[in-house]
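**Q** Structure: data.pdb, PDB, C-alpha atoms, pLDDT in the B column.
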```pdb
MODEL        1
ATOM      1  CA  MET K   1     -69.386  -9.097  -5.327  1.00 56.00           C
ATOM      2  CA  THR K   2     -67.871  -5.755  -4.275  1.00 58.00           C
ATOM      3  CA  ALA K   3     -67.892  -4.370  -0.725  1.00 55.00           C
ATOM      4  CA  PRO K   4     -70.994  -2.202  -1.406  1.00 57.00           C
ATOM      5  CA  ALA K   5     -72.702  -5.233  -2.934  1.00 71.00           C
ATOM      6  CA  LEU K   6     -71.723  -7.305   0.105  1.00 62.00           C
ATOM      7  CA  ASN K   7     -73.332  -4.657   2.309  1.00 62.00           C
ATOM      8  CA  GLN K   8     -76.630  -5.107   0.440  1.00 59.00           C
ATOM      9  CA  ALA K   9     -76.557  -8.921   0.266  1.00 53.00           C
ATOM     10  CA  GLN K  10     -78.562 -11.147   2.595  1.00 60.00           C
ATOM     11  CA  CYS K  11     -77.066 -14.038   4.529  1.00 58.00           C
ATOM     12  CA  ARG K  12     -78.308 -17.393   3.311  1.00 62.00           C
ATOM     13  CA  ALA K  13     -78.333 -20.739   5.069  1.00 61.00           C
ATOM     14  CA  GLY K  14     -75.951 -23.378   3.782  1.00 61.00           C
ATOM     15  CA  ALA K  15     -73.115 -21.039   2.816  1.00 67.00           C
ATOM     16  CA  ALA K  16     -70.098 -22.925   1.500  1.00 65.00           C
ATOM     17  CA  PRO K  17     -66.625 -22.413   2.989  1.00 65.00           C
ATOM     18  CA  HIS K  18     -64.245 -20.256   0.958  1.00 71.00           C
ATOM     19  CA  ASP K  19     -61.159 -21.835  -0.550  1.00 74.00           C
ATOM     20  CA  PRO K  20     -57.871 -19.902  -0.076  1.00 80.00           C
ATOM     21  CA  ASP K  21     -58.198 -18.003  -3.385  1.00 85.00           C
ATOM     22  CA  ALA K  22     -61.770 -16.901  -2.666  1.00 85.00           C
ATOM     23  CA  LEU K  23     -60.747 -15.920   0.856  1.00 86.00           C
ATOM     24  CA  ARG K  24     -57.955 -13.674  -0.475  1.00 89.00           C
ATOM     25  CA  ALA K  25     -60.344 -12.068  -2.957  1.00 89.00           C
ATOM     26  CA  ARG K  26     -62.950 -11.367  -0.265  1.00 90.00           C
ATOM     27  CA  LEU K  27     -60.328  -9.972   2.130  1.00 93.00           C
ATOM     28  CA  ALA K  28     -59.208  -7.563  -0.600  1.00 94.00           C
ATOM     29  CA  GLN K  29     -62.769  -6.183  -0.670  1.00 93.00           C
ATOM     30  CA  LEU K  30     -62.718  -5.420   3.066  1.00 95.00           C
ATOM     31  CA  PRO K  31     -59.289  -3.887   3.730  1.00 92.00           C
ATOM     32  CA  HIS K  32     -59.784  -3.297   7.466  1.00 96.00           C
ATOM     33  CA  TRP K  33     -60.552  -6.950   8.121  1.00 97.00           C
ATOM     34  CA  GLN K  34     -58.147  -9.835   8.482  1.00 96.00           C
ATOM     35  CA  ALA K  35     -58.288 -13.581   8.896  1.00 94.00           C
ATOM     36  CA  VAL K  36     -56.861 -14.424  12.328  1.00 93.00           C
ATOM     37  CA  ASP K  37     -56.915 -17.957  13.712  1.00 93.00           C
ATOM     38  CA  GLY K  38     -59.646 -18.921  11.252  1.00 91.00           C
ATOM     39  CA  ALA K  39     -61.929 -15.981  12.067  1.00 95.00           C
ATOM     40  CA  LEU K  40     -62.664 -12.798  10.149  1.00 97.00           C
ATOM     41  CA  THR K  41     -61.769 -10.000  12.585  1.00 98.00           C
ATOM     42  CA  ARG K  42     -61.660  -6.236  12.896  1.00 98.00           C
ATOM     43  CA  GLU K  43     -61.199  -3.839  15.795  1.00 98.00           C
ATOM     44  CA  TYR K  44     -63.167  -0.588  15.747  1.00 98.00           C
ATOM     45  CA  ALA K  45     -62.201   2.540  17.708  1.00 97.00           C
ATOM     46  CA  PHE K  46     -64.668   5.041  19.223  1.00 97.00           C
ATOM     47  CA  PRO K  47     -64.472   8.451  20.878  1.00 96.00           C
ATOM     48  CA  ASP K  48     -66.141   7.227  24.088  1.00 96.00           C
ATOM     49  CA  TYR K  49     -67.954   4.367  25.774  1.00 96.00           C
ATOM     50  CA  ARG K  50     -71.441   5.474  24.702  1.00 96.00           C
ATOM     51  CA  ALA K  51     -70.407   5.396  21.039  1.00 96.00           C
ATOM     52  CA  THR K  52     -68.919   1.941  21.562  1.00 97.00           C
ATOM     53  CA  ILE K  53     -72.128   0.597  23.080  1.00 97.00           C
ATOM     54  CA  ALA K  54     -74.280   2.247  20.403  1.00 97.00           C
ATOM     55  CA  PHE K  55     -72.223   0.360  17.789  1.00 97.00           C
ATOM     56  CA  VAL K  56     -72.482  -2.912  19.732  1.00 97.00           C
ATOM     57  CA  ASN K  57     -76.269  -2.539  19.870  1.00 97.00           C
ATOM     58  CA  ALA K  58     -76.468  -1.711  16.156  1.00 97.00           C
ATOM     59  CA  VAL K  59     -74.362  -4.777  15.309  1.00 97.00           C
ATOM     60  CA  ALA K  60     -76.566  -6.920  17.570  1.00 97.00           C
ATOM     61  CA  ASP K  61     -79.679  -5.744  15.699  1.00 97.00           C
ATOM     62  CA  MET K  62     -78.032  -6.419  12.346  1.00 96.00           C
ATOM     63  CA  ALA K  63     -76.843  -9.854  13.506  1.00 96.00           C
ATOM     64  CA  GLU K  64     -80.370 -10.785  14.530  1.00 95.00           C
ATOM     65  CA  SER K  65     -81.789  -9.656  11.182  1.00 94.00           C
ATOM     66  CA  GLN K  66     -79.157 -11.696   9.307  1.00 92.00           C
ATOM     67  CA  ASP K  67     -79.258 -14.639  11.753  1.00 92.00           C
ATOM     68  CA  HIS K  68     -75.456 -14.521  11.859  1.00 92.00           C
ATOM     69  CA  HIS K  69     -73.807 -13.446  15.096  1.00 95.00           C
ATOM     70  CA  PRO K  70     -70.204 -12.385  15.686  1.00 97.00           C
ATOM     71  CA  ASP K  71     -68.139 -12.898  18.769  1.00 97.00           C
ATOM     72  CA  MET K  72     -67.638  -9.434  20.293  1.00 98.00           C
ATOM     73  CA  ARG K  73     -64.977  -8.144  22.624  1.00 98.00           C
ATOM     74  CA  VAL K  74     -66.000  -4.774  24.051  1.00 98.00           C
ATOM     75  CA  GLY K  75     -63.786  -2.256  25.810  1.00 96.00           C
ATOM     76  CA  TYR K  76     -64.029   1.361  26.886  1.00 95.00           C
ATOM     77  CA  ARG K  77     -63.415   2.864  23.414  1.00 97.00           C
ATOM     78  CA  ARG K  78     -63.111  -0.196  21.214  1.00 97.00           C
ATOM     79  CA  CYS K  79     -64.956  -3.240  19.971  1.00 98.00           C
ATOM     80  CA  THR K  80     -63.537  -6.246  18.160  1.00 98.00           C
ATOM     81  CA  LEU K  81     -65.798  -8.389  15.989  1.00 98.00           C
ATOM     82  CA  ALA K  82     -64.902 -11.925  14.960  1.00 98.00           C
ATOM     83  CA  TYR K  83     -66.963 -13.883  12.459  1.00 97.00           C
ATOM     84  CA  THR K  84     -66.974 -17.562  11.510  1.00 94.00           C
ATOM     85  CA  THR K  85     -69.787 -19.711  10.174  1.00 90.00           C
ATOM     86  CA  HIS K  86     -70.595 -22.429  12.687  1.00 84.00           C
ATOM     87  CA  SER K  87     -72.794 -24.327  10.212  1.00 82.00           C
ATOM     88  CA  ALA K  88     -69.754 -24.588   7.903  1.00 83.00           C
ATOM     89  CA  GLY K  89     -67.581 -26.087  10.620  1.00 83.00           C
ATOM     90  CA  GLY K  90     -66.168 -22.723  11.708  1.00 81.00           C
ATOM     91  CA  ALA K  91     -64.920 -21.884   8.218  1.00 86.00           C
ATOM     92  CA  LEU K  92     -65.263 -18.469   6.591  1.00 93.00           C
ATOM     93  CA  THR K  93     -68.160 -18.077   4.163  1.00 92.00           C
ATOM     94  CA  ASP K  94     -69.974 -15.267   2.382  1.00 91.00           C
ATOM     95  CA  LYS K  95     -72.144 -14.908   5.492  1.00 92.00           C
ATOM     96  CA  ASP K  96     -69.103 -13.646   7.389  1.00 94.00           C
ATOM     97  CA  PHE K  97     -68.115 -11.160   4.696  1.00 94.00           C
ATOM     98  CA  ILE K  98     -71.676  -9.894   4.243  1.00 94.00           C
ATOM     99  CA  CYS K  99     -71.991  -9.163   7.957  1.00 96.00           C
ATOM    100  CA  ALA K 100     -68.499  -7.654   8.083  1.00 97.00           C
ATOM    101  CA  ALA K 101     -69.453  -5.244   5.281  1.00 96.00           C
ATOM    102  CA  ARG K 102     -72.679  -4.413   7.082  1.00 96.00           C
ATOM    103  CA  ALA K 103     -70.762  -3.756  10.325  1.00 97.00           C
ATOM    104  CA  ASP K 104     -68.421  -1.420   8.420  1.00 97.00           C
ATOM    105  CA  ALA K 105     -71.444   0.478   7.091  1.00 95.00           C
ATOM    106  CA  LEU K 106     -72.857   0.807  10.619  1.00 96.00           C
ATOM    107  CA  TYR K 107     -69.498   2.097  11.834  1.00 97.00           C
ATOM    108  CA  ALA K 108     -69.241   4.627   8.997  1.00 94.00           C
ATOM    109  CA  LYS K 109     -72.785   5.813   9.700  1.00 91.00           C
ATOM    110  CA  GLY K 110     -72.044   6.235  13.407  1.00 86.00           C
ATOM    111  CA  GLN K 111     -68.824   8.125  12.756  1.00 76.00           C
ATOM    112  CA  ALA K 112     -70.635  10.554  10.465  1.00 59.00           C
ATOM    113  CA  ALA K 113     -73.259  11.363  13.109  1.00 58.00           C
TER     114      ALA K 113
ENDMDL
END
```
Before we go any further, please render this structure as structure tokens.

**A**
Amino acid sequence: MTAPALNQAQCRAGAAPHDPDALRARLAQLPHWQAVDGALTREYAFPDYRATIAFVNAVADMAESQDHHPDMRVGYRRCTLAYTTHSAGGALTDKDFICAARADALYAKGQAA
């Protein structure tokens, strides 16, 4: 599944943890993301606080629709997302990569506005 395909995929219950090879392949599809301390993470930068909060709200809506919620760290002009799949014991699964791709699409849309 490519990054655009990930962006269109739906999260499904019971996602299996990725083995190291699958994890490397998925990370290659999302170049701005990295695996840090077992979580899929990315920091986004914004021109101001309002743009940051607009992104946070858009991610919250997406997370609710996918029933997969990231940890968020929000600052004045930045937001860091961190995904793991709790139902897979905190491992990384397709659910994490699907939502990461969707967050990237929300960010790209907001930056184009």

**Q** Report as a Markdown table the residues of segment 57-110 of chain K within 12 Å of segment 20-41 of chain K, each with its shortest atom pair and distance in Å (one decimal), using all atoms listed in the file, ordered by chain and increasing residue number.

**A**
```
| residue | atom | partner | partner_atom | distance |
| --- | --- | --- | --- | --- |
| K:Pro70 | CA | K:Thr41 | CA | 9.3 |
| K:Asp71 | CA | K:Thr41 | CA | 9.3 |
| K:Met72 | CA | K:Thr41 | CA | 9.7 |
| K:Arg73 | CA | K:Thr41 | CA | 10.7 |
| K:Cys79 | CA | K:Thr41 | CA | 10.5 |
| K:Thr80 | CA | K:Thr41 | CA | 6.9 |
| K:Leu81 | CA | K:Thr41 | CA | 5.5 |
| K:Ala82 | CA | K:Thr41 | CA | 4.4 |
| K:Tyr83 | CA | K:Leu40 | CA | 5.0 |
| K:Thr84 | CA | K:Ala39 | CA | 5.3 |
| K:Thr85 | CA | K:Ala39 | CA | 8.9 |
| K:His86 | CA | K:Ala39 | CA | 10.8 |
| K:Gly89 | CA | K:Gly38 | CA | 10.7 |
| K:Gly90 | CA | K:Gly38 | CA | 7.6 |
| K:Ala91 | CA | K:Gly38 | CA | 6.8 |
| K:Leu92 | CA | K:Ala39 | CA | 6.9 |
| K:Thr93 | CA | K:Leu23 | CA | 8.4 |
| K:Asp94 | CA | K:Arg26 | CA | 8.5 |
| K:Lys95 | CA | K:Leu40 | CA | 10.8 |
| K:Asp96 | CA | K:Leu40 | CA | 7.1 |
| K:Phe97 | CA | K:Arg26 | CA | 7.2 |
| K:Ile98 | CA | K:Arg26 | CA | 9.9 |
| K:Cys99 | CA | K:Leu40 | CA | 10.2 |
| K:Ala100 | CA | K:Leu30 | CA | 8.0 |
| K:Ala101 | CA | K:Leu30 | CA | 7.1 |
| K:Arg102 | CA | K:Leu30 | CA | 10.8 |
| K:Ala103 | CA | K:Trp33 | CA | 10.9 |
| K:Asp104 | CA | K:Leu30 | CA | 8.8 |
| K:Ala105 | CA | K:Leu30 | CA | 11.3 |
| K:Tyr107 | CA | K:His32 | CA | 11.9 |
```

**Q** Interatomic distance between atom CA of Ala54 of chain K and atom CA of Ala108 of chain K?

**A** 12.7 Å

**Q** What does the distance from atom CA of His69 of chain K to atom CA of Gln111 of chain K come to in Å, to one decimal?

**A** 22.3 Å

**Q** What gap, in Å, lies between atom CA of Ile53 of chain K and atom CA of Arg78 of chain K?

**A** 9.2 Å

**Q** Write out as lines of an AutoDock Vina configuration file an axis-aligned box for segment 52-60 of chain K: all of its atoms listed in the file, 5 Å added on each side, centre and edge lengths in Å with one decimal.

**A**
```
center_x = -72.7
center_y = -2.3
center_z = 19.2
size_x = 17.6
size_y = 19.2
size_z = 17.8
```

**Q** Of the candidates K:Ala63, K:His68, K:Arg77, K:His18, which one gets nearest to Ala51 of chain K if we count only C-alpha atoms?

**A**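 When distances to Ala51 of chain K are compared using only C-alpha atoms, the smallest one comes from K:Arg77.
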
**Q** Pick out the closest residue to Gly75 of chain K from this set: K:Pro47, K:Ala5, K:Thr52, K:Asp19. Count all atoms listed in the file.

**A**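 That would be K:Thr52, the residue with the smallest distance to Gly75 of chain K.
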